[in-house]
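Each remark here refers to the structure printed beneath this line.
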Amino acid sequence: MTPSMRSRRSRDAAGPAEATQAFDRATSRAQRRGAARDLDQTLWDLTRVVELGDGLVEDAALAPARTVLERAGERRRIAPGVTVVALLGATGSGKSSLFNALTGATIARTAVTRPTTTKPLAALPAGVSGPVADHVSDLLDWLGVDERVQLETDTGMGGATVLLDLPDVDSDEAAHREIATRLAGLVDVLVWVLDPEKYADAVLHRDFIAPMAAHAEVAVVALNQVDRLDEGSRGAVTGDLTRLLADEGLAGARVEPVSARTGEGVPALRERIGAVAATARATEDRLAADVRTAAEVLWRELALDDAAASLPADVEGAWADLRTAAARAAGVDAVASAVAGSTAQHASRYVGWVPVRWVGRFRRDPLRALHLGADVVRGRVPDPSARVGDAAAGRDTAATGALVEPAARTSVQTGAVAGGVLRSAAHTTAVRMTGDLPGDAEADVVARSDERAAALGDALDSAVARTDLEQGRVPGWWRAANWLQWLCAATALVGGAWLLVLHLVATYVLMREPNPPRLGELPWPVVLLLGGLLLGAVLAGLGTLLARVTVRRREERVRGRLRSSTDAVVDERLIEPLQADLTRWSDLTQALSRLR
């Protein structure tokens with residue numbers, strides 16, 4: 001037989017055992033990877049909750065969630081393959097005796113009448129050395145456990161399982177209770193040690209077991225001292241304890257009856273603890289349970305219900321009412337009317353009858369009265385695409401590359417009533433939109449909306465000042481009408497000058513009336529003078545009628561442009577922030593629901 005054949009035969013003989021071990025190792029790795037992925041998603045959801053709640057929720061309410069995230073990061077970094085199991089119980093439950101029974105060595109001090117565990121004691125698994133021992137030491141340092149004993153024999157609870165004996169949870173010493181409470185929130189597996197006399201202890205159930213009901217997957221319940229009970233009493237106590245645990249959220253929890261004194265049930269308890277630790281998920285399950293508990297605490301703190309915040313069915317109608325109120329407060333109608341008046345005056349300078357045009361110069365431009373249209377005088381029209389922030393800072397715009405100067409303060413007089421109507425509309429809309437939020441949250445969101453509405457006046461005024469009012473635009477037919485008017489005026493002037501020359505000649509030169517050419521019975525100078533004046537008046541009348549159409553159309557265009565400007569301000573300053581708050585609350589509620 002060749003050496004290779006002997007080697008292959010040796011491998012075949014050891015194959016089943018090695019294959020089983022390899023399968024167990026592969027299963028353990030797969031479970032760890034799956035647990036890590038699940039915990040990653042859970043922690044990401046909690047991180048998202050904290051991000052969404054920042055600015056919406058009081059810092060005190062988010063503190064437990066932040067603590068869980070910080071603790072989870074530290075725990076996953078320190079000794080990820082080690083499982084820490086802690087025994088918790090009330091005074092007299094025999095917790096230290098059970099600790100010794102589980103470890104198979106007399107490590108913890110025991111007593112009958114008073115608590116003897118004043119500091120947490122750690123039993124390290126046998127055979128731990130090298131880097132693993134360093135990781136275990138770092139983990140116990142992080143937990144604050146100084147007293148440590150390394151076991152000499154395997155307990156059967158796993159080669160990477162550290163067992164802790166904690167002070168009594170109902171100790172008269174506040175420091176002892178504080179240690180037990182702190183470590184109960186940090187260890188991976190919780191073993192609740194109860195006894196037949198105090199298994200329904202109110203302190204243990206109310207302050208520890210019930211608040212940590214989310215940790216049922218990493219909790220083991222041991223009913224110690226069952227050797228003091230007969231068979232009938234043992235069944236009754238076990239059944240009653242199971243019912244209490246179910247009422248507190250630990251439905252399905254299995255009660256392990258044990259006796260530290262006689263050793264009854266200790267092997268089964270070791271096996272149970274080892275099974276929880278051997279899943280390679282204890283740490284992840286514990287951290288996931290901490291996340292669920294933090295989510296539940298925040299849910300109750302915010303007084304949320306199962307219905308996420310949502311927008312009312314008539315939300316578009318509410319937004320429309322808010323935009324209309326903003327348009328009134330900004331004086332959109334007043335500015336549009338002023339544009340109409342200014343356009344009419346501007347048109348009269350082109351299509352009006354030349355002899356009376358000078359009268360219009362004494363009329364005040366309605367837009368000038370509102371401190372609008374000043375850019376037209378300087379030969380510039382505001383860029384309607386410039387943003388409020390760009391205009392306020394005097395920066396170059398990306399769209400045009402031209403410098404946009406800060407808009408001047410207008411004099412649109414909407415009055416305190418319109419401003420009050422806008423603030424009232426904003427408040428009413430915010431209240432309608434936040435009806436599904438809890439009381440404090442609703443008040444905070446409405447208060448922020450009210451603050452934004454109170455500061456909306458300047459933004460609306462700036463939007464009006466930056467809107468293109470078309471004052472620099474002259475229709476082509478206005479120029480043609482102006483040319484015809486001046487042609488008629490020139491014709492009348494020629495006719496009048498001709499008559500004047502004839503009069504001077506007749507008076508001072510020929511001493512007799514000259515005979516100019518005639519059109520029928522009328523002399524041409526009279527035809528030119530009267531024809532030019534009459535035709536100019538007729539053209540002015542027709543031009544004025546046509547100009548009214550232009551005025552109305554420009555007024556409507558400007559009104560629509562102004563509404564777009566004020567609507568954009570309302571959307572940016574009021575509606576979008578309010579929707580963002582509601583969306584954040586909705587996302588926060590949904591994330592908390594998933595975590596719970």
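By order of appearance in the structure tokens: chains A, B, ..., then residues from 1 within every chain, and ligands from 1 in the order shown.
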Next on the checklist: Quick check for you: according to DSSP on this backbone, which residues of stretch 174-243 of chain A are classed as alpha helix (DSSP H)? Reply as a PyMOL selection string.
Outcome noted: chain A and resi 174-184+202-204+231-243
Checklist entry - Any idea what's packed within 8 Å of A:Ala277, counting only C-alpha atoms, ignoring anything in its chain fewer than 5 positions away? Could you give it as a list in words? => result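 Residues near the query, excluding close chain neighbours: Thr83, Met157, Gly158, Thr161, Val189 and Ala282 of chain A.
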Checklist entry - Which neighbours of stretch 353-360 of chain A fall inside 10 Å, counting only C-alpha atoms, when residues of the same chain fewer than 4 positions from it are skipped, and could you give them as a PyMOL selection string? => result chain A and resi 345-346+348-349+364-365+482+485-486+488-489+533-541+543-544
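If only C-alpha atoms are the atoms counted, then among A:His503, A:His176, A:Arg432, A:His427 the closest residue to A:Asn515 is A:His503.
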Checklist entry - Excluding same-chain residues fewer than 2 positions from stretch 555-570 of chain A, what lies within 9 Å of it counting only C-alpha atoms, as a VMD selection string? => result chain A and resid 322 to 324 326 to 327 330 332 to 333 335 to 340 343 384 388 453 456 459 to 461 463 to 464 466 to 470 550 to 553 572 to 576
Quick one: write out the picked residues with C-alpha atoms as a PDB file, in the first residue's frame?
ATOM      1  CA  LEU A 322     -51.936  79.529   1.520  1.00  0.00           C
ATOM      2  CA  ARG A 323     -50.515  80.708  -1.805  1.00  0.00           C
ATOM      3  CA  THR A 324     -53.548  82.965  -2.352  1.00  0.00           C
ATOM      4  CA  ALA A 326     -49.430  85.145   0.328  1.00  0.00           C
ATOM      5  CA  ALA A 327     -50.311  86.776  -3.004  1.00  0.00           C
ATOM      6  CA  ALA A 330     -47.567  90.700  -1.284  1.00  0.00           C
ATOM      7  CA  VAL A 332     -50.024  91.061  -6.355  1.00  0.00           C
ATOM      8  CA  ASP A 333     -53.300  92.605  -7.499  1.00  0.00           C
ATOM      9  CA  VAL A 335     -48.877  95.672  -8.483  1.00  0.00           C
ATOM     10  CA  ALA A 336     -50.696  94.215 -11.501  1.00  0.00           C
ATOM     11  CA  SER A 337     -53.074  97.187 -11.500  1.00  0.00           C
ATOM     12  CA  ALA A 338     -50.095  99.537 -11.244  1.00  0.00           C
ATOM     13  CA  VAL A 339     -48.512  97.778 -14.205  1.00  0.00           C
ATOM     14  CA  ALA A 340     -51.715  98.331 -16.166  1.00  0.00           C
ATOM     15  CA  THR A 343     -48.449 100.597 -19.348  1.00  0.00           C
ATOM     16  CA  PRO A 384     -36.639  86.862 -13.161  1.00  0.00           C
ATOM     17  CA  VAL A 388     -33.616  85.468  -3.506  1.00  0.00           C
ATOM     18  CA  ALA A 453     -44.607  82.731   8.186  1.00  0.00           C
ATOM     19  CA  LEU A 456     -42.117  85.839   5.022  1.00  0.00           C
ATOM     20  CA  ALA A 459     -39.006  87.443   0.963  1.00  0.00           C
ATOM     21  CA  LEU A 460     -42.332  88.187  -0.720  1.00  0.00           C
ATOM     22  CA  ASP A 461     -41.387  91.831  -1.168  1.00  0.00           C
ATOM     23  CA  ALA A 463     -39.841  88.387  -5.029  1.00  0.00           C
ATOM     24  CA  VAL A 464     -42.179  91.145  -6.247  1.00  0.00           C
ATOM     25  CA  ARG A 466     -37.363  90.966  -8.839  1.00  0.00           C
ATOM     26  CA  THR A 467     -40.303  90.025 -11.057  1.00  0.00           C
ATOM     27  CA  ASP A 468     -40.167  91.137 -14.692  1.00  0.00           C
ATOM     28  CA  LEU A 469     -42.972  93.704 -15.043  1.00  0.00           C
ATOM     29  CA  GLU A 470     -42.387  94.133 -18.811  1.00  0.00           C
ATOM     30  CA  THR A 550     -52.229  95.294 -24.766  1.00  0.00           C
ATOM     31  CA  VAL A 551     -52.631  96.709 -21.259  1.00  0.00           C
ATOM     32  CA  ARG A 552     -55.053  93.955 -20.229  1.00  0.00           C
ATOM     33  CA  ARG A 553     -52.863  91.212 -21.631  1.00  0.00           C
ATOM     34  CA  GLU A 572     -39.682  77.332  -0.556  1.00  0.00           C
ATOM     35  CA  ARG A 573     -40.186  79.038   2.807  1.00  0.00           C
ATOM     36  CA  LEU A 574     -43.395  77.442   4.129  1.00  0.00           C
ATOM     37  CA  ILE A 575     -44.760  74.455   2.233  1.00  0.00           C
ATOM     38  CA  GLU A 576     -41.547  72.532   1.540  1.00  0.00           C
TER      39      GLU A 576
END
Checklist entry - Between atom CA of A:Arg452 and atom CA of A:Leu422, what is the spacing in Å? => result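 According to the coordinates, atom CA of A:Leu422 and atom CA of A:Arg452 are separated by 11.3 Å.
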Closest contacts (stretch 151-244 of chain A/stretch 87-107 of chain A, max 7 Å, only C-alpha atoms) as a Markdown table:
| residue | atom | partner | partner_atom | distance |
| --- | --- | --- | --- | --- |
| A:Thr155 | CA | A:Thr103 | CA | 5.8 |
| A:Leu164 | CA | A:Leu87 | CA | 6.1 |
| A:Asp165 | CA | A:Leu87 | CA | 5.3 |
| A:Leu166 | CA | A:Leu88 | CA | 6.1 |
| A:Asp168 | CA | A:Ala90 | CA | 5.1 |
| A:Val169 | CA | A:Ala90 | CA | 5.5 |
| A:Asp170 | CA | A:Ala90 | CA | 5.5 |
| A:Ser171 | CA | A:Thr91 | CA | 6.8 |
| A:Leu190 | CA | A:Leu87 | CA | 6.4 |
| A:Val191 | CA | A:Leu87 | CA | 4.8 |
| A:Trp192 | CA | A:Leu88 | CA | 5.1 |
| A:Val193 | CA | A:Gly89 | CA | 4.8 |
| A:Leu194 | CA | A:Ser93 | CA | 5.5 |
| A:Asp195 | CA | A:Ser93 | CA | 5.0 |
| A:Leu204 | CA | A:Ala90 | CA | 6.8 |
| A:Asn224 | CA | A:Ser93 | CA | 6.8 |
Checklist entry - Quick one: distance from atom CA of A:Ser342 to atom CA of A:Arg363 in Å, one decimal? => result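 Interatomic distance here is 10.0 Å.
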Checklist entry - How many Å separate atom CA of A:Ala278 from atom CA of A:Trp142? => result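 According to the coordinates, atom CA of A:Ala278 and atom CA of A:Trp142 are separated by 22.5 Å.
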